[in-house]
Each structure stands twice: as structure tokens, then as C-alpha cells.
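To keep things clear, I will list the structure first and then write my remarks on it.
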Amino acid sequence: MLVVAVARLAFSLTAVSLKDKRRVARALIDRTRRRFPVAVAEIEENDNHAALVLGCSVVSNDAQHAMSMLDHVVSFMENTYLAPMILREREILHFGPLADGFWDAEDPDPESWEDVAASCEPVSED
């Protein structure tokens with residue numbers, strides 16, 4: 001079973017420029033990646049120097065393990081004291097075994113990739 005735990009974390013910044021914000025974001029992201037095997041990226045408010053929103057994800061085969069890892073990551077980020085955390089949201093996604101498949105095998109009208117590609121109009125480069 002595939003389990004993906006995701007979190008959206010918002011921080012309040014006292015940065016006076018986007019350069020200051022990028023410095024704090026880079027430090028927080030790099031410290032987290034060095035300590036934990038997780039994916040972390042800035043996901044929102046990219047041009048707002050007063051807010052930093054990061055997305056974080058953990059992949060596992062056990063829901064408890066994924067949530068525990070994510071809780072440790074959130075706690076670590078909060079305890080770096082680089083910026084106060086003002087929002088945290090988390091969600092867990094479950095995917096069944098690969099043997100179950102991702103599509104309906106009984107589909108009466110399966111389309112091939114070539115059929116789909118042929119029905120699309122090319123993008124014009126204006």
C-alpha cells in the first residue's frame with residue numbers, strides 16, 4: 001500500500017525584501033532536507049516577502065509511520081525559530097495495491113494514446 005502524508009505550513013516573516021525571504025526559506029528547506037528524507041518546497045505566496053508557505057510530503061507504506069515522520073518534520077521546522085509558524089494543515093492519502101490497477105479493465109471503449117494525441121489540437125506559438 002502506498003501512503004503519502006502532506007503538509008502545508010505557513011510562516012510569518014519580518015523580511016524587508018524577497019532576498020531576505022529567500023534566505024530564510026533556503027535555510028529552513030535545507031536544514032529540513034538534511035535531517036529528514038522528505039520533499040519540501042515553497043508552494044504559495046512566492047512574491048510576498050512577509051509570508052512563507054511550504055509544502056512537505058512523506059511517502060511510506062504505513063500510515064502511522066508517515067504521520068509520525070510528518071509530525072517530527074513540523075516540530076523540527078517550528079523549533080528552528082527562523083520564523084514563527086502561523087498555520088499548519090496536513091492530510092494523508094492512501095493508494096491501494098498496484099495489483100488493483102489504476103484504471104477500469106472492463107472499459108468497453110479503451111482509447112489508445114495515439115487516438116488521444118490525434119484528437120488534440122497543437123498549441124500555437126504566438
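By convention here, the chains of the C-alpha cells are called A, B, ... in the order presented, each chain's residues are numbered starting at 1, and ligands are numbered starting at 1 in the order presented.
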Note to self: What parts of chain A does DSSP call helix (DSSP H, G or I)? I'd like the answer as a ChimeraX atom specification.
What the structure shows: /A:18-35,63-78,98-100,113-119
Preceding selection exported with C-alpha atoms as a PDB file, in the first residue's frame:
```
ATOM      1  CA  LEU A  18      12.333  38.956  -1.240  1.00  0.00           C
ATOM      2  CA  LYS A  19      16.070  38.339  -0.896  1.00  0.00           C
ATOM      3  CA  ASP A  20      15.672  38.129   2.900  1.00  0.00           C
ATOM      4  CA  LYS A  21      12.693  35.820   2.472  1.00  0.00           C
ATOM      5  CA  ARG A  22      14.623  33.513   0.122  1.00  0.00           C
ATOM      6  CA  ARG A  23      17.462  33.337   2.666  1.00  0.00           C
ATOM      7  CA  VAL A  24      15.075  32.178   5.421  1.00  0.00           C
ATOM      8  CA  ALA A  25      13.254  29.785   3.070  1.00  0.00           C
ATOM      9  CA  ARG A  26      16.505  28.257   1.810  1.00  0.00           C
ATOM     10  CA  ALA A  27      17.820  27.790   5.368  1.00  0.00           C
ATOM     11  CA  LEU A  28      14.585  26.154   6.540  1.00  0.00           C
ATOM     12  CA  ILE A  29      14.300  23.889   3.496  1.00  0.00           C
ATOM     13  CA  ASP A  30      17.965  22.852   3.521  1.00  0.00           C
ATOM     14  CA  ARG A  31      18.038  22.103   7.258  1.00  0.00           C
ATOM     15  CA  THR A  32      14.895  20.007   6.956  1.00  0.00           C
ATOM     16  CA  ARG A  33      16.143  18.044   3.947  1.00  0.00           C
ATOM     17  CA  ARG A  34      19.466  17.324   5.660  1.00  0.00           C
ATOM     18  CA  ARG A  35      17.710  15.948   8.714  1.00  0.00           C
ATOM     19  CA  ALA A  63       0.087   5.475   7.665  1.00  0.00           C
ATOM     20  CA  GLN A  64       1.317   5.689  11.257  1.00  0.00           C
ATOM     21  CA  HIS A  65       4.917   5.928  10.127  1.00  0.00           C
ATOM     22  CA  ALA A  66       4.117   8.624   7.546  1.00  0.00           C
ATOM     23  CA  MET A  67       2.196  10.758  10.050  1.00  0.00           C
ATOM     24  CA  SER A  68       4.877  10.293  12.708  1.00  0.00           C
ATOM     25  CA  MET A  69       7.569  11.416  10.246  1.00  0.00           C
ATOM     26  CA  LEU A  70       5.490  14.416   9.216  1.00  0.00           C
ATOM     27  CA  ASP A  71       4.878  15.366  12.858  1.00  0.00           C
ATOM     28  CA  HIS A  72       8.629  15.233  13.506  1.00  0.00           C
ATOM     29  CA  VAL A  73       9.308  17.408  10.467  1.00  0.00           C
ATOM     30  CA  VAL A  74       6.710  20.000  11.531  1.00  0.00           C
ATOM     31  CA  SER A  75       8.100  20.049  15.061  1.00  0.00           C
ATOM     32  CA  PHE A  76      11.648  20.440  13.746  1.00  0.00           C
ATOM     33  CA  MET A  77      10.671  23.351  11.490  1.00  0.00           C
ATOM     34  CA  GLU A  78       8.826  25.028  14.320  1.00  0.00           C
ATOM     35  CA  LEU A  98      -0.724  -1.987  -7.541  1.00  0.00           C
ATOM     36  CA  ALA A  99      -2.469  -5.251  -8.366  1.00  0.00           C
ATOM     37  CA  ASP A 100      -5.800  -3.387  -8.074  1.00  0.00           C
ATOM     38  CA  TRP A 113      -2.560   7.108 -26.549  1.00  0.00           C
ATOM     39  CA  GLU A 114      -2.283   7.611 -30.311  1.00  0.00           C
ATOM     40  CA  ASP A 115      -6.071   8.195 -30.554  1.00  0.00           C
ATOM     41  CA  VAL A 116      -5.976  10.751 -27.760  1.00  0.00           C
ATOM     42  CA  ALA A 117      -2.938  12.543 -29.217  1.00  0.00           C
ATOM     43  CA  ALA A 118      -4.522  12.656 -32.681  1.00  0.00           C
ATOM     44  CA  SER A 119      -7.689  14.271 -31.294  1.00  0.00           C
TER      45      SER A 119
END
```
Segment 37-52 of chain A surroundings by only C-alpha atoms, 7 Å radius, close-in-sequence under 5 positions cut, as a PDB file with N, CA and C atoms, in the first residue's frame:
```pdb
ATOM      1  N   ALA A  10       2.640  27.477   7.010  1.00  0.00           N
ATOM      2  CA  ALA A  10       2.803  28.898   6.737  1.00  0.00           C
ATOM      3  C   ALA A  10       3.581  29.543   7.869  1.00  0.00           C
ATOM      4  N   PHE A  11       4.485  30.426   7.490  1.00  0.00           N
ATOM      5  CA  PHE A  11       5.323  31.136   8.447  1.00  0.00           C
ATOM      6  C   PHE A  11       5.172  32.632   8.223  1.00  0.00           C
ATOM      7  N   SER A  12       5.228  33.379   9.303  1.00  0.00           N
ATOM      8  CA  SER A  12       5.199  34.833   9.229  1.00  0.00           C
ATOM      9  C   SER A  12       6.635  35.323   9.240  1.00  0.00           C
ATOM     10  N   LEU A  13       6.966  36.214   8.313  1.00  0.00           N
ATOM     11  CA  LEU A  13       8.337  36.709   8.207  1.00  0.00           C
ATOM     12  C   LEU A  13       8.408  38.204   8.474  1.00  0.00           C
ATOM     13  N   THR A  14       9.533  38.609   8.981  1.00  0.00           N
ATOM     14  CA  THR A  14       9.794  40.041   9.164  1.00  0.00           C
ATOM     15  C   THR A  14      10.757  40.537   8.092  1.00  0.00           C
ATOM     16  N   ALA A  15      10.865  39.795   7.005  1.00  0.00           N
ATOM     17  CA  ALA A  15      11.782  40.138   5.923  1.00  0.00           C
ATOM     18  C   ALA A  15      11.371  41.449   5.280  1.00  0.00           C
ATOM     19  N   VAL A  16      12.366  42.233   4.908  1.00  0.00           N
ATOM     20  CA  VAL A  16      12.086  43.516   4.254  1.00  0.00           C
ATOM     21  C   VAL A  16      12.211  43.414   2.740  1.00  0.00           C
ATOM     22  N   SER A  17      12.703  42.282   2.258  1.00  0.00           N
ATOM     23  CA  SER A  17      12.827  42.089   0.814  1.00  0.00           C
ATOM     24  C   SER A  17      12.646  40.610   0.481  1.00  0.00           C
ATOM     25  N   LEU A  18      12.449  40.345  -0.804  1.00  0.00           N
ATOM     26  CA  LEU A  18      12.333  38.956  -1.240  1.00  0.00           C
ATOM     27  C   LEU A  18      13.657  38.217  -1.055  1.00  0.00           C
ATOM     28  N   LYS A  21      13.621  36.945   2.393  1.00  0.00           N
ATOM     29  CA  LYS A  21      12.693  35.820   2.472  1.00  0.00           C
ATOM     30  C   LYS A  21      13.325  34.562   1.901  1.00  0.00           C
ATOM     31  N   ILE A  29      14.415  25.040   4.393  1.00  0.00           N
ATOM     32  CA  ILE A  29      14.300  23.889   3.496  1.00  0.00           C
ATOM     33  C   ILE A  29      15.557  23.015   3.567  1.00  0.00           C
ATOM     34  N   SER A  57       6.128  16.600   1.965  1.00  0.00           N
ATOM     35  CA  SER A  57       5.487  15.299   1.771  1.00  0.00           C
ATOM     36  C   SER A  57       6.412  14.164   2.191  1.00  0.00           C
ATOM     37  N   VAL A  58       5.769  13.105   2.666  1.00  0.00           N
ATOM     38  CA  VAL A  58       6.446  11.895   3.110  1.00  0.00           C
ATOM     39  C   VAL A  58       5.744  10.718   2.447  1.00  0.00           C
TER      40      VAL A  58
END
```
Long-range neighbours of Val3 of chain A as a CSV table (one decimal) with C-alpha atoms, in the first residue's frame, 6 Å cut-off, only C-alpha atoms, 5 positions minimum in chain:
```csv
chain,number,residue,atom,x,y,z
A,59,VAL,CA,6.0,8.6,1.3
A,60,SER,CA,5.7,5.3,3.2
A,61,ASN,CA,3.9,2.0,3.2
A,63,ALA,CA,0.1,5.5,7.7
A,93,LEU,CA,-3.6,9.9,1.1
A,94,HIS,CA,-4.0,6.1,0.7
```
Margin query: Please return, as a ChimeraX atom specification, all residues of segment 25-82 of chain A that DSSP assigns to strand (DSSP E) on the basis of the backbone.
Written below: /A:39-44,51-60
Given the selection you just returned, output its residues as a file containing N, CA and C atoms, formatted as a tab-separated table (two decimals), in the first residue's frame.
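After the write, out-v9.tsv holds the following:
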```
chain	number	residue	atom	x	y	z
A	39	ALA	N	10.29	15.56	0.98
A	39	ALA	CA	10.27	16.57	-0.08
A	39	ALA	C	9.70	17.85	0.51
A	40	VAL	N	10.40	18.97	0.29
A	40	VAL	CA	9.96	20.27	0.81
A	40	VAL	C	10.14	21.30	-0.29
A	41	ALA	N	9.14	22.18	-0.46
A	41	ALA	CA	9.23	23.23	-1.47
A	41	ALA	C	8.34	24.40	-1.08
A	42	GLU	N	8.72	25.59	-1.55
A	42	GLU	CA	7.86	26.77	-1.38
A	42	GLU	C	6.72	26.63	-2.38
A	43	ILE	N	5.48	26.76	-1.90
A	43	ILE	CA	4.34	26.47	-2.78
A	43	ILE	C	3.39	27.64	-3.01
A	44	GLU	N	3.40	28.64	-2.14
A	44	GLU	CA	2.48	29.77	-2.28
A	44	GLU	C	3.17	31.05	-1.84
A	51	ALA	N	5.35	36.54	4.02
A	51	ALA	CA	4.78	35.21	4.27
A	51	ALA	C	5.59	34.15	3.52
A	52	LEU	N	5.71	33.01	4.15
A	52	LEU	CA	6.38	31.87	3.55
A	52	LEU	C	5.47	30.66	3.72
A	53	VAL	N	5.11	30.01	2.62
A	53	VAL	CA	4.27	28.82	2.68
A	53	VAL	C	5.03	27.67	2.04
A	54	LEU	N	5.25	26.62	2.83
A	54	LEU	CA	5.99	25.46	2.37
A	54	LEU	C	5.08	24.24	2.30
A	55	GLY	N	5.33	23.39	1.33
A	55	GLY	CA	4.66	22.10	1.24
A	55	GLY	C	5.67	21.03	1.55
A	56	CYS	N	5.24	20.01	2.25
A	56	CYS	CA	6.13	18.93	2.67
A	56	CYS	C	5.41	17.61	2.46
A	57	SER	N	6.13	16.60	1.96
A	57	SER	CA	5.49	15.30	1.77
A	57	SER	C	6.41	14.16	2.19
A	58	VAL	N	5.77	13.10	2.67
A	58	VAL	CA	6.45	11.89	3.11
A	58	VAL	C	5.74	10.72	2.45
A	59	VAL	N	6.51	9.80	1.90
A	59	VAL	CA	5.95	8.60	1.29
A	59	VAL	C	6.35	7.40	2.13
A	60	SER	N	5.39	6.52	2.38
A	60	SER	CA	5.65	5.34	3.20
A	60	SER	C	4.69	4.24	2.81
```
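Note that atom CA of Asp62 of chain A and atom CA of Arg90 of chain A are 16.0 Å apart.
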Check: What is the atom CA of Leu9 of chain A to atom CA of Ile92 of chain A distance in Å?
Finding: 14.9 Å
